[in-house]
>>> print(open('structure.tsv').read())   # TSV, C-alpha atoms and all ligand atoms
chain	number	residue	atom	x	y	z
A	1	MET	CA	1.25	1.82	27.37
A	2	ALA	CA	1.85	2.40	23.74
A	3	GLU	CA	-1.34	2.38	21.70
A	4	PHE	CA	0.78	1.48	18.72
A	5	ALA	CA	4.45	1.12	17.96
A	6	PRO	CA	5.97	3.70	15.62
A	7	THR	CA	5.33	2.99	11.95
A	8	GLU	CA	7.69	4.18	9.24
A	9	VAL	CA	5.59	6.38	6.94
A	10	ALA	CA	8.46	7.59	4.73
A	11	HIS	CA	12.14	6.75	4.81
A	12	GLY	CA	13.37	7.70	8.29
A	13	VAL	CA	10.01	9.21	9.25
A	14	HIS	CA	8.10	7.49	12.03
A	15	ARG	CA	4.52	8.04	13.10
A	16	PHE	CA	3.39	7.38	16.64
A	17	GLY	CA	0.56	8.51	18.92
A	18	SER	CA	-2.93	7.10	18.49
A	19	ARG	CA	-5.59	6.54	15.88
A	20	LEU	CA	-6.92	10.03	16.66
A	21	VAL	CA	-3.80	12.13	17.25
A	22	ASN	CA	-0.45	11.83	15.48
A	23	CYS	CA	3.07	12.79	16.36
A	24	TYR	CA	6.24	12.02	14.48
A	25	MET	CA	9.98	11.46	14.68
A	26	VAL	CA	12.34	12.16	11.82
A	27	ASP	CA	15.62	10.22	11.90
A	28	ASP	CA	18.47	11.91	10.09
A	29	GLY	CA	21.60	9.79	10.37
A	30	GLY	CA	20.82	8.78	13.95
A	31	ARG	CA	19.85	12.23	15.22
A	32	LEU	CA	16.14	12.90	15.66
A	33	THR	CA	13.71	15.75	15.29
A	34	VAL	CA	10.37	15.17	17.00
A	35	VAL	CA	7.54	16.95	15.19
A	36	ASP	CA	4.58	17.63	17.50
A	37	CYS	CA	4.12	15.95	20.86
A	38	GLY	CA	0.52	14.67	20.76
A	39	LEU	CA	-1.18	14.27	24.10
A	40	PRO	CA	0.69	14.12	27.44
A	41	GLY	CA	-0.32	10.45	27.86
A	42	PHE	CA	1.70	9.52	24.78
A	43	TRP	CA	4.86	10.06	26.83
A	44	ASP	CA	4.70	6.33	27.65
A	45	GLN	CA	5.37	5.61	23.97
A	46	VAL	CA	8.46	7.77	23.63
A	47	GLU	CA	11.22	5.64	25.17
A	48	PRO	CA	9.88	2.27	23.90
A	49	GLY	CA	9.41	3.89	20.48
A	50	LEU	CA	12.94	5.26	20.43
A	51	SER	CA	14.41	1.93	21.50
A	52	SER	CA	12.44	0.11	18.78
A	53	LEU	CA	14.29	2.37	16.35
A	54	GLY	CA	17.61	1.65	18.06
A	55	ARG	CA	17.67	5.17	19.47
A	56	SER	CA	17.42	6.77	22.89
A	57	LEU	CA	16.43	10.08	24.47
A	58	GLN	CA	20.01	11.30	23.96
A	59	ASP	CA	19.46	11.08	20.19
A	60	VAL	CA	16.57	13.55	20.27
A	61	ALA	CA	18.16	16.79	19.12
A	62	ALA	CA	15.12	18.99	18.51
A	63	ILE	CA	11.40	19.30	19.16
A	64	VAL	CA	9.47	21.27	16.54
A	65	LEU	CA	5.83	22.19	17.16
A	66	THR	CA	3.57	23.07	14.23
A	67	HIS	CA	1.38	25.06	16.62
A	68	GLY	CA	0.48	25.51	20.27
A	69	ASP	CA	-2.73	23.50	20.71
A	70	ASN	CA	-2.98	21.02	23.58
A	71	ASP	CA	-2.89	17.94	21.34
A	72	HIS	CA	0.41	19.03	19.78
A	73	VAL	CA	2.14	20.45	22.87
A	74	GLY	CA	1.37	17.20	24.79
A	75	PHE	CA	4.57	15.78	26.25
A	76	ALA	CA	6.84	18.54	24.85
A	77	GLU	CA	7.92	19.87	28.25
A	78	ARG	CA	8.60	16.39	29.56
A	79	LEU	CA	10.67	15.52	26.48
A	80	ARG	CA	12.51	18.84	26.64
A	81	GLU	CA	13.49	18.17	30.25
A	82	ALA	CA	14.44	14.53	29.65
A	83	SER	CA	16.42	15.04	26.44
A	84	GLY	CA	17.65	18.63	26.73
A	85	ALA	CA	16.41	19.23	23.18
A	86	PRO	CA	15.07	22.74	22.48
A	87	VAL	CA	11.41	23.28	21.57
A	88	SER	CA	10.63	25.63	18.70
A	89	ILE	CA	7.38	27.23	17.56
A	90	HIS	CA	6.21	30.37	15.73
A	91	GLN	CA	6.17	33.57	17.81
A	92	GLU	CA	2.39	33.97	17.40
A	93	ASP	CA	1.77	30.63	19.10
A	94	VAL	CA	4.19	31.12	21.99
A	95	PRO	CA	1.36	32.12	24.40
A	96	LEU	CA	-0.57	28.92	23.56
A	97	ALA	CA	2.45	26.70	24.23
A	98	THR	CA	3.89	28.44	27.26
A	99	THR	CA	0.83	29.57	29.19
A	100	LYS	CA	-1.84	27.29	27.72
A	101	GLU	CA	-3.86	30.40	27.07
A	102	GLU	CA	-7.09	29.43	25.26
A	103	LYS	CA	-7.45	30.39	21.62
A	104	GLU	CA	-10.62	32.02	20.37
A	105	THR	CA	-12.17	29.87	17.65
A	106	GLU	CA	-14.57	31.09	14.99
A	107	ALA	CA	-17.36	28.61	15.74
A	108	SER	CA	-18.91	26.66	18.60
A	109	LEU	CA	-18.21	23.01	19.32
A	110	VAL	CA	-21.85	22.35	20.19
A	111	PRO	CA	-23.19	21.55	16.68
A	112	TYR	CA	-20.46	18.91	16.28
A	113	LEU	CA	-21.59	17.00	19.35
A	114	ARG	CA	-24.12	15.07	17.26
A	115	HIS	CA	-21.16	13.15	15.83
A	116	PRO	CA	-19.95	10.17	17.89
A	117	ALA	CA	-16.41	11.06	16.70
A	118	ALA	CA	-16.54	14.30	18.71
A	119	TRP	CA	-17.29	12.43	21.94
A	120	ALA	CA	-14.60	9.88	21.19
A	121	LEU	CA	-12.09	12.69	20.72
A	122	LEU	CA	-13.06	14.41	23.97
A	123	ALA	CA	-12.80	11.12	25.87
A	124	HIS	CA	-9.42	10.47	24.28
A	125	PHE	CA	-8.22	13.92	25.37
A	126	ALA	CA	-9.53	13.37	28.89
A	127	THR	CA	-7.85	9.99	29.38
A	128	ASN	CA	-4.52	11.25	27.97
A	129	GLY	CA	-4.18	14.51	29.89
A	130	GLY	CA	-5.16	16.55	26.85
A	131	MET	CA	-7.30	19.04	28.73
A	132	ALA	CA	-4.27	20.56	30.51
A	133	PRO	CA	-0.85	19.56	29.18
A	134	PRO	CA	2.15	20.98	31.05
A	135	PRO	CA	3.08	24.34	29.47
A	136	VAL	CA	6.51	24.45	27.82
A	137	ALA	CA	8.87	26.37	30.12
A	138	VAL	CA	11.33	27.55	27.45
A	139	VAL	CA	10.76	27.90	23.71
A	140	ASP	CA	12.76	29.10	20.73
A	141	THR	CA	10.93	30.78	17.89
A	142	TYR	CA	11.20	30.17	14.16
A	143	GLU	CA	10.04	32.26	11.22
A	144	ASP	CA	8.32	31.73	7.89
A	145	GLY	CA	10.78	30.49	5.28
A	146	GLN	CA	13.48	29.66	7.81
A	147	THR	CA	15.53	26.49	7.37
A	148	LEU	CA	15.91	25.03	10.84
A	149	GLU	CA	19.32	23.82	12.01
A	150	VAL	CA	17.89	20.55	13.33
A	151	PRO	CA	18.08	16.97	12.03
A	152	GLY	CA	16.51	16.86	8.55
A	153	ALA	CA	17.03	20.62	8.02
A	154	PRO	CA	13.32	21.34	7.46
A	155	ARG	CA	11.89	24.58	6.15
A	156	VAL	CA	9.12	26.46	7.94
A	157	LEU	CA	5.95	27.39	6.03
A	158	PHE	CA	3.72	29.90	7.75
A	159	THR	CA	0.17	28.50	7.39
A	160	PRO	CA	-2.06	30.45	9.79
A	161	GLY	CA	-5.79	29.90	10.22
A	162	HIS	CA	-6.04	26.92	12.56
A	163	THR	CA	-4.06	29.06	15.01
A	164	SER	CA	-2.55	32.46	14.29
A	165	GLY	CA	1.01	31.13	14.35
A	166	HIS	CA	0.44	27.76	12.72
A	167	CYS	CA	3.25	26.50	10.49
A	168	ALA	CA	3.75	23.45	8.30
A	169	ILE	CA	7.21	21.90	8.36
A	170	HIS	CA	8.76	20.69	5.09
A	171	PHE	CA	11.50	18.04	5.15
A	172	GLU	CA	12.45	18.20	1.49
A	173	ARG	CA	15.08	15.43	1.55
A	174	HIS	CA	12.63	13.08	3.27
A	175	GLY	CA	9.88	13.99	0.78
A	176	VAL	CA	7.40	14.88	3.50
A	177	VAL	CA	5.57	17.94	4.68
A	178	PHE	CA	4.12	17.95	8.17
A	179	ALA	CA	0.82	19.72	7.77
A	180	GLY	CA	0.12	19.99	11.50
A	181	ASP	CA	-3.51	21.08	11.57
A	182	ALA	CA	-3.36	23.14	8.36
A	183	LEU	CA	-5.26	20.15	6.96
A	184	CYS	CA	-6.20	16.68	8.17
A	185	THR	CA	-7.15	13.38	6.52
A	186	ARG	CA	-9.71	12.46	9.16
A	187	ASN	CA	-11.89	15.09	10.70
A	188	PRO	CA	-11.42	14.81	14.47
A	189	LEU	CA	-14.96	16.01	15.19
A	190	THR	CA	-17.06	14.48	12.40
A	191	GLY	CA	-14.95	11.38	11.70
A	192	LYS	CA	-15.11	12.05	7.93
A	193	VAL	CA	-12.11	10.70	6.05
A	194	GLY	CA	-10.29	12.58	3.28
A	195	SER	CA	-8.13	15.66	2.93
A	196	GLN	CA	-9.89	18.65	4.48
A	197	LEU	CA	-9.54	21.67	6.76
A	198	LEU	CA	-9.93	21.17	10.47
A	199	PRO	CA	-13.46	21.82	11.74
A	200	SER	CA	-14.41	25.49	12.16
A	201	ALA	CA	-14.89	24.91	15.90
A	202	PHE	CA	-11.12	24.36	16.10
A	203	ASN	CA	-10.01	27.19	13.79
A	204	VAL	CA	-9.26	30.82	14.46
A	205	SER	CA	-10.18	31.46	10.80
A	206	SER	CA	-11.09	28.82	8.21
A	207	GLU	CA	-10.77	31.52	5.55
A	208	ARG	CA	-7.12	32.10	6.50
A	209	ALA	CA	-6.58	28.34	6.75
A	210	MET	CA	-7.93	27.95	3.21
A	211	ALA	CA	-5.58	30.68	1.94
A	212	SER	CA	-2.64	28.98	3.68
A	213	LEU	CA	-3.06	25.76	1.69
A	214	GLY	CA	-1.10	27.27	-1.20
A	215	ALA	CA	2.11	27.02	0.83
A	216	ILE	CA	1.63	23.28	1.28
A	217	GLU	CA	0.75	22.84	-2.40
A	218	ALA	CA	3.95	24.66	-3.39
A	219	THR	CA	6.16	22.10	-1.61
A	220	ALA	CA	5.23	19.43	-4.19
A	221	ALA	CA	6.03	16.91	-1.40
A	222	GLN	CA	4.90	13.36	-2.15
A	223	THR	CA	3.71	12.68	1.38
A	224	VAL	CA	1.62	14.96	3.58
A	225	LEU	CA	1.59	14.04	7.25
A	226	PRO	CA	-1.30	15.55	9.18
A	227	GLY	CA	-1.88	15.93	12.91
A	228	HIS	CA	-5.05	13.88	12.54
A	229	GLY	CA	-5.63	10.98	10.16
A	230	GLU	CA	-3.59	8.67	7.98
A	231	PRO	CA	-0.59	9.77	5.90
A	232	TRP	CA	-1.53	11.23	2.50
A	233	THR	CA	0.78	9.71	-0.12
A	234	ASP	CA	-0.69	11.09	-3.36
A	235	GLY	CA	1.22	14.36	-3.30
A	236	ALA	CA	0.65	17.76	-1.73
A	237	ALA	CA	-1.17	19.20	-4.76
A	238	ALA	CA	-3.90	16.54	-4.66
A	239	ALA	CA	-4.28	16.91	-0.88
A	240	VAL	CA	-4.76	20.65	-1.25
A	241	GLU	CA	-7.14	20.28	-4.19
A	242	GLU	CA	-9.35	17.92	-2.19
A	243	ALA	CA	-9.34	20.18	0.88
A	244	ARG	CA	-10.23	23.21	-1.25
A	245	SER	CA	-13.07	21.39	-2.97
A	246	ARG	CA	-14.63	20.37	0.36
A	247	GLY	CA	-14.48	23.88	1.82
A	248	PRO	CA	-14.86	24.57	5.57
A	249	THR	CA	-15.75	21.52	7.62
A	301	ZN	ZN	-4.62	18.94	16.48
>>> encode(input="structure.tsv", output="structure tokens")
Amino acid sequence: MAEFAPTEVAHGVHRFGSRLVNCYMVDDGGRLTVVDCGLPGFWDQVEPGLSSLGRSLQDVAAIVLTHGDNDHVGFAERLREASGAPVSIHQEDVPLATTKEEKETEASLVPYLRHPAAWALLAHFATNGGMAPPPVAVVDTYEDGQTLEVPGAPRVLFTPGHTSGHCAIHFERHGVVFAGDALCTRNPLTGKVGSQLLPSAFNVSSERAMASLGAIEATAAQTVLPGHGEPWTDGAAAAVEEARSRGPT
């Protein structure tokens, strides 16, 4: 069952998932865009979460993925089938989402295993189907700079580095930017709190990820919503400054 009920993190923006992995729903006049789909096990939260908002599966109009990693693809296929809403992702991440092809990361996971947080994450993945989420059968693709015709009319910001097709999603009217895994506020492998890049063991290129932070900074959004960790409410510029000052993690 639901690990926690959705919490409203900005007007009309609801966070759900778990303490370790976030996913979100954006309500725009009763129509919803789901941003990232967490782990497959979070599916149990979707209908109760929607009904707590006075909404149902029929109100889900779009599913937008920031990238194609397992802990963001999660229940996407199940939600697509149940709601009929299309799933969109950047072209470069289509293979990750549709075939669950493995990405090649720049560093090994092994050195991180001294952190209890790493084991907690792996256990959390294992108990929530995160090792092998169902691939998404049909996806649409979006491009850098595109304004999506989905509830909230977000703009796509190409922010590669964590994956090669990673994008942040900016809902200007809602004052939020979904960072995906372009940055996090709690390191999923070390457990360190604060704005920072994802660990190198999870990145295709931390150097590219670092260079991509400028796109998030440029949004000037008040709230940055990461895939991992608590909402950052002190503005995109401060989030980016802190991540830059820490360097690769
Ligand atoms: Zn992630």
>>> residues_near_ligand(input="structure.tsv", ligand="ligand ZN 301 (chain A)", cutoff="8 Å", atoms="all atoms listed in the file", output="list in words")
Val21, Gly38, Asp69, Asn70, Asp71, His72, Gly180, Asp181, Gly227 and His228 of chain A
>>> residues_around(input="structure.tsv", residues="region 235-240 of chain A", least_positions_apart="6", cutoff="6 Å", atoms="only C-alpha atoms", output="ChimeraX atom specification")
/A:195,217,220-223
>>> residues_around(input="structure.tsv", residues="Gly30 (chain A)", least_positions_apart="5", cutoff="10 Å", atoms="all atoms listed in the file", output="PyMOL selection string")
chain A and resi 12+53-56+59-61+151
>>> write_last_selection(input="structure.tsv", atoms="C-alpha atoms", output="mmCIF file, in the coordinates of the input")
data_model
loop_
_atom_site.group_PDB
_atom_site.id
_atom_site.type_symbol
_atom_site.label_atom_id
_atom_site.label_comp_id
_atom_site.auth_asym_id
_atom_site.auth_seq_id
_atom_site.Cartn_x
_atom_site.Cartn_y
_atom_site.Cartn_z
ATOM 1 C CA GLY A 12 13.370 7.700 8.290
ATOM 2 C CA LEU A 53 14.290 2.370 16.350
ATOM 3 C CA GLY A 54 17.610 1.650 18.060
ATOM 4 C CA ARG A 55 17.670 5.170 19.470
ATOM 5 C CA SER A 56 17.420 6.770 22.890
ATOM 6 C CA ASP A 59 19.460 11.080 20.190
ATOM 7 C CA VAL A 60 16.570 13.550 20.270
ATOM 8 C CA ALA A 61 18.160 16.790 19.120
ATOM 9 C CA PRO A 151 18.080 16.970 12.030
#
>>> residues_around(input="structure.tsv", residues="Glu8 (chain A)", least_positions_apart="5", cutoff="12 Å", atoms="all atoms listed in the file", output="list in words")
Val13, His14, Arg15, Phe16, Tyr24, Met25, Val26, Asp27, Gly49, Ser52, Leu53, His174, Leu225 and Pro231 of chain A
>>> closest_residue(input="structure.tsv", among="A:Tyr112, A:Phe158, A:Phe75, A:Trp119", to="Pro199 (chain A)", atoms="all atoms listed in the file")
A:Tyr112
>>> closest_residue(input="structure.tsv", among="A:Ser18, A:Ala168, A:Ala218, A:Ser200", to="Glu241 (chain A)", atoms="all atoms listed in the file")
A:Ala218
>>> atom_distance(input="structure.tsv", atom1="CA of Pro6 (chain A)", atom2="CA of Asp28 (chain A)")
15.9 Å
>>> atom_distance(input="structure.tsv", atom1="CA of Lys103 (chain A)", atom2="CA of Gly68 (chain A)")
9.4 Å
>>> closest_residue(input="structure.tsv", among="A:Gly41, A:Gly229, A:Pro111, A:Pro248", to="Thr127 (chain A)", atoms="all atoms listed in the file")
A:Gly41
>>> closest_residue(input="structure.tsv", among="A:Val138, A:Ala10, A:Ala107, A:Ala76", to="Ala201 (chain A)", atoms="all atoms listed in the file")
A:Ala107
>>> atom_distance(input="structure.tsv", atom1="CA of Val150 (chain A)", atom2="CA of Leu96 (chain A)")
22.7 Å
>>> residues_around(input="structure.tsv", residues="Trp43 (chain A)", least_positions_apart="6", cutoff="10 Å", atoms="all atoms listed in the file", output="ChimeraX atom specification")
/A:1-2,17,37,49,74-76,78-79,128
>>> write_last_selection(input="structure.tsv", atoms="C-alpha atoms", output="PDB file, in the coordinates of the input")
ATOM      1  CA  MET A   1       1.250   1.820  27.370  1.00  0.00           C
ATOM      2  CA  ALA A   2       1.850   2.400  23.740  1.00  0.00           C
ATOM      3  CA  GLY A  17       0.560   8.510  18.920  1.00  0.00           C
ATOM      4  CA  CYS A  37       4.120  15.950  20.860  1.00  0.00           C
ATOM      5  CA  GLY A  49       9.410   3.890  20.480  1.00  0.00           C
ATOM      6  CA  GLY A  74       1.370  17.200  24.790  1.00  0.00           C
ATOM      7  CA  PHE A  75       4.570  15.780  26.250  1.00  0.00           C
ATOM      8  CA  ALA A  76       6.840  18.540  24.850  1.00  0.00           C
ATOM      9  CA  ARG A  78       8.600  16.390  29.560  1.00  0.00           C
ATOM     10  CA  LEU A  79      10.670  15.520  26.480  1.00  0.00           C
ATOM     11  CA  ASN A 128      -4.520  11.250  27.970  1.00  0.00           C
TER      12      ASN A 128
END
>>> decode(input="structure.tsv", residues="region 32-132 of chain A", atoms="C-alpha atoms", output="compact mmCIF listing (two decimals), in the first residue's frame")
# COMPACT_ATOMS: atom_id res chain seq x y z
CA LEU A 32 -3.26 15.78 -14.90
CA THR A 33 0.25 15.31 -16.14
CA VAL A 34 2.21 12.61 -14.31
CA VAL A 35 5.93 13.39 -14.22
CA ASP A 36 8.02 10.24 -13.75
CA CYS A 37 6.60 6.93 -12.60
CA GLY A 38 8.92 5.88 -9.76
CA LEU A 39 9.16 2.17 -9.11
CA PRO A 40 6.60 -0.38 -10.38
CA GLY A 41 5.46 -1.07 -6.79
CA PHE A 42 4.23 2.51 -6.48
CA TRP A 43 1.33 1.59 -8.76
CA ASP A 44 -0.64 0.80 -5.59
CA GLN A 45 -0.50 4.51 -4.72
CA VAL A 46 -1.84 5.81 -8.01
CA GLU A 47 -5.60 5.27 -7.73
CA PRO A 48 -5.83 6.08 -3.97
CA GLY A 49 -3.66 9.14 -4.62
CA LEU A 50 -5.84 10.32 -7.48
CA SER A 51 -9.02 9.82 -5.48
CA SER A 52 -7.54 11.77 -2.54
CA LEU A 53 -7.23 14.65 -5.01
CA GLY A 54 -10.79 14.11 -6.23
CA ARG A 55 -9.47 12.76 -9.52
CA SER A 56 -9.45 9.43 -11.31
CA LEU A 57 -7.43 7.57 -13.94
CA GLN A 58 -9.59 9.20 -16.63
CA ASP A 59 -8.18 12.59 -15.60
CA VAL A 60 -4.60 11.55 -16.37
CA ALA A 61 -3.96 13.12 -19.75
CA ALA A 62 -0.19 12.68 -20.12
CA ILE A 63 2.81 10.86 -18.71
CA VAL A 64 6.13 12.69 -19.09
CA LEU A 65 9.38 10.92 -18.25
CA THR A 66 12.51 12.94 -17.48
CA HIS A 67 14.62 9.94 -18.52
CA GLY A 68 14.53 6.20 -19.04
CA ASP A 69 16.02 4.77 -15.83
CA ASN A 70 14.16 2.00 -14.01
CA ASP A 71 13.19 4.18 -11.04
CA HIS A 72 11.48 6.72 -13.32
CA VAL A 73 9.89 4.34 -15.85
CA GLY A 74 8.35 2.31 -12.96
CA PHE A 75 4.61 1.98 -13.49
CA ALA A 76 4.53 4.01 -16.75
CA GLU A 77 3.34 1.13 -18.93
CA ARG A 78 0.67 0.15 -16.45
CA LEU A 79 -0.57 3.74 -16.20
CA ARG A 80 -0.46 4.15 -19.99
CA GLU A 81 -2.63 1.06 -20.43
CA ALA A 82 -5.05 1.98 -17.64
CA SER A 83 -5.50 5.65 -18.54
CA GLY A 84 -4.79 5.73 -22.27
CA ALA A 85 -2.46 8.68 -21.65
CA PRO A 86 0.59 8.87 -23.94
CA VAL A 87 4.11 8.53 -22.53
CA SER A 88 6.74 10.97 -23.75
CA ILE A 89 10.53 10.98 -23.41
CA HIS A 90 13.58 12.30 -25.28
CA GLN A 91 14.62 10.28 -28.35
CA GLU A 92 18.03 9.44 -26.84
CA ASP A 93 16.37 7.67 -23.90
CA VAL A 94 13.82 5.71 -25.93
CA PRO A 95 15.94 2.51 -25.82
CA LEU A 96 16.16 2.71 -22.00
CA ALA A 97 12.38 3.08 -21.61
CA THR A 98 11.21 0.65 -24.27
CA THR A 99 13.73 -2.17 -24.08
CA LYS A 100 15.18 -1.62 -20.62
CA GLU A 101 18.58 -1.70 -22.25
CA GLU A 102 21.25 -1.02 -19.58
CA LYS A 103 23.07 2.29 -19.68
CA GLU A 104 26.83 2.44 -19.40
CA THR A 105 27.79 4.53 -16.37
CA GLU A 106 31.13 6.26 -15.88
CA ALA A 107 31.95 4.67 -12.51
CA SER A 108 31.42 1.48 -10.52
CA LEU A 109 28.81 1.07 -7.81
CA VAL A 110 31.21 -0.93 -5.63
CA PRO A 111 32.91 1.97 -3.76
CA TYR A 112 29.47 3.26 -2.72
CA LEU A 113 28.56 0.02 -1.01
CA ARG A 114 30.26 1.19 2.20
CA HIS A 115 27.29 3.53 2.66
CA PRO A 116 24.21 2.00 4.34
CA ALA A 117 22.11 4.26 2.07
CA ALA A 118 23.26 2.28 -0.98
CA TRP A 119 22.02 -1.00 0.50
CA ALA A 120 18.75 0.62 1.54
CA LEU A 121 18.24 1.84 -2.02
CA LEU A 122 18.97 -1.57 -3.54
CA ALA A 123 16.56 -3.23 -1.11
CA HIS A 124 13.93 -0.63 -1.92
CA PHE A 125 14.37 -1.31 -5.65
CA ALA A 126 14.16 -5.07 -5.08
CA THR A 127 10.95 -4.94 -3.03
CA ASN A 128 9.27 -2.55 -5.49
CA GLY A 129 10.07 -4.28 -8.77
CA GLY A 130 12.77 -1.75 -9.60
CA MET A 131 15.22 -4.25 -11.03
CA ALA A 132 13.00 -4.97 -14.05
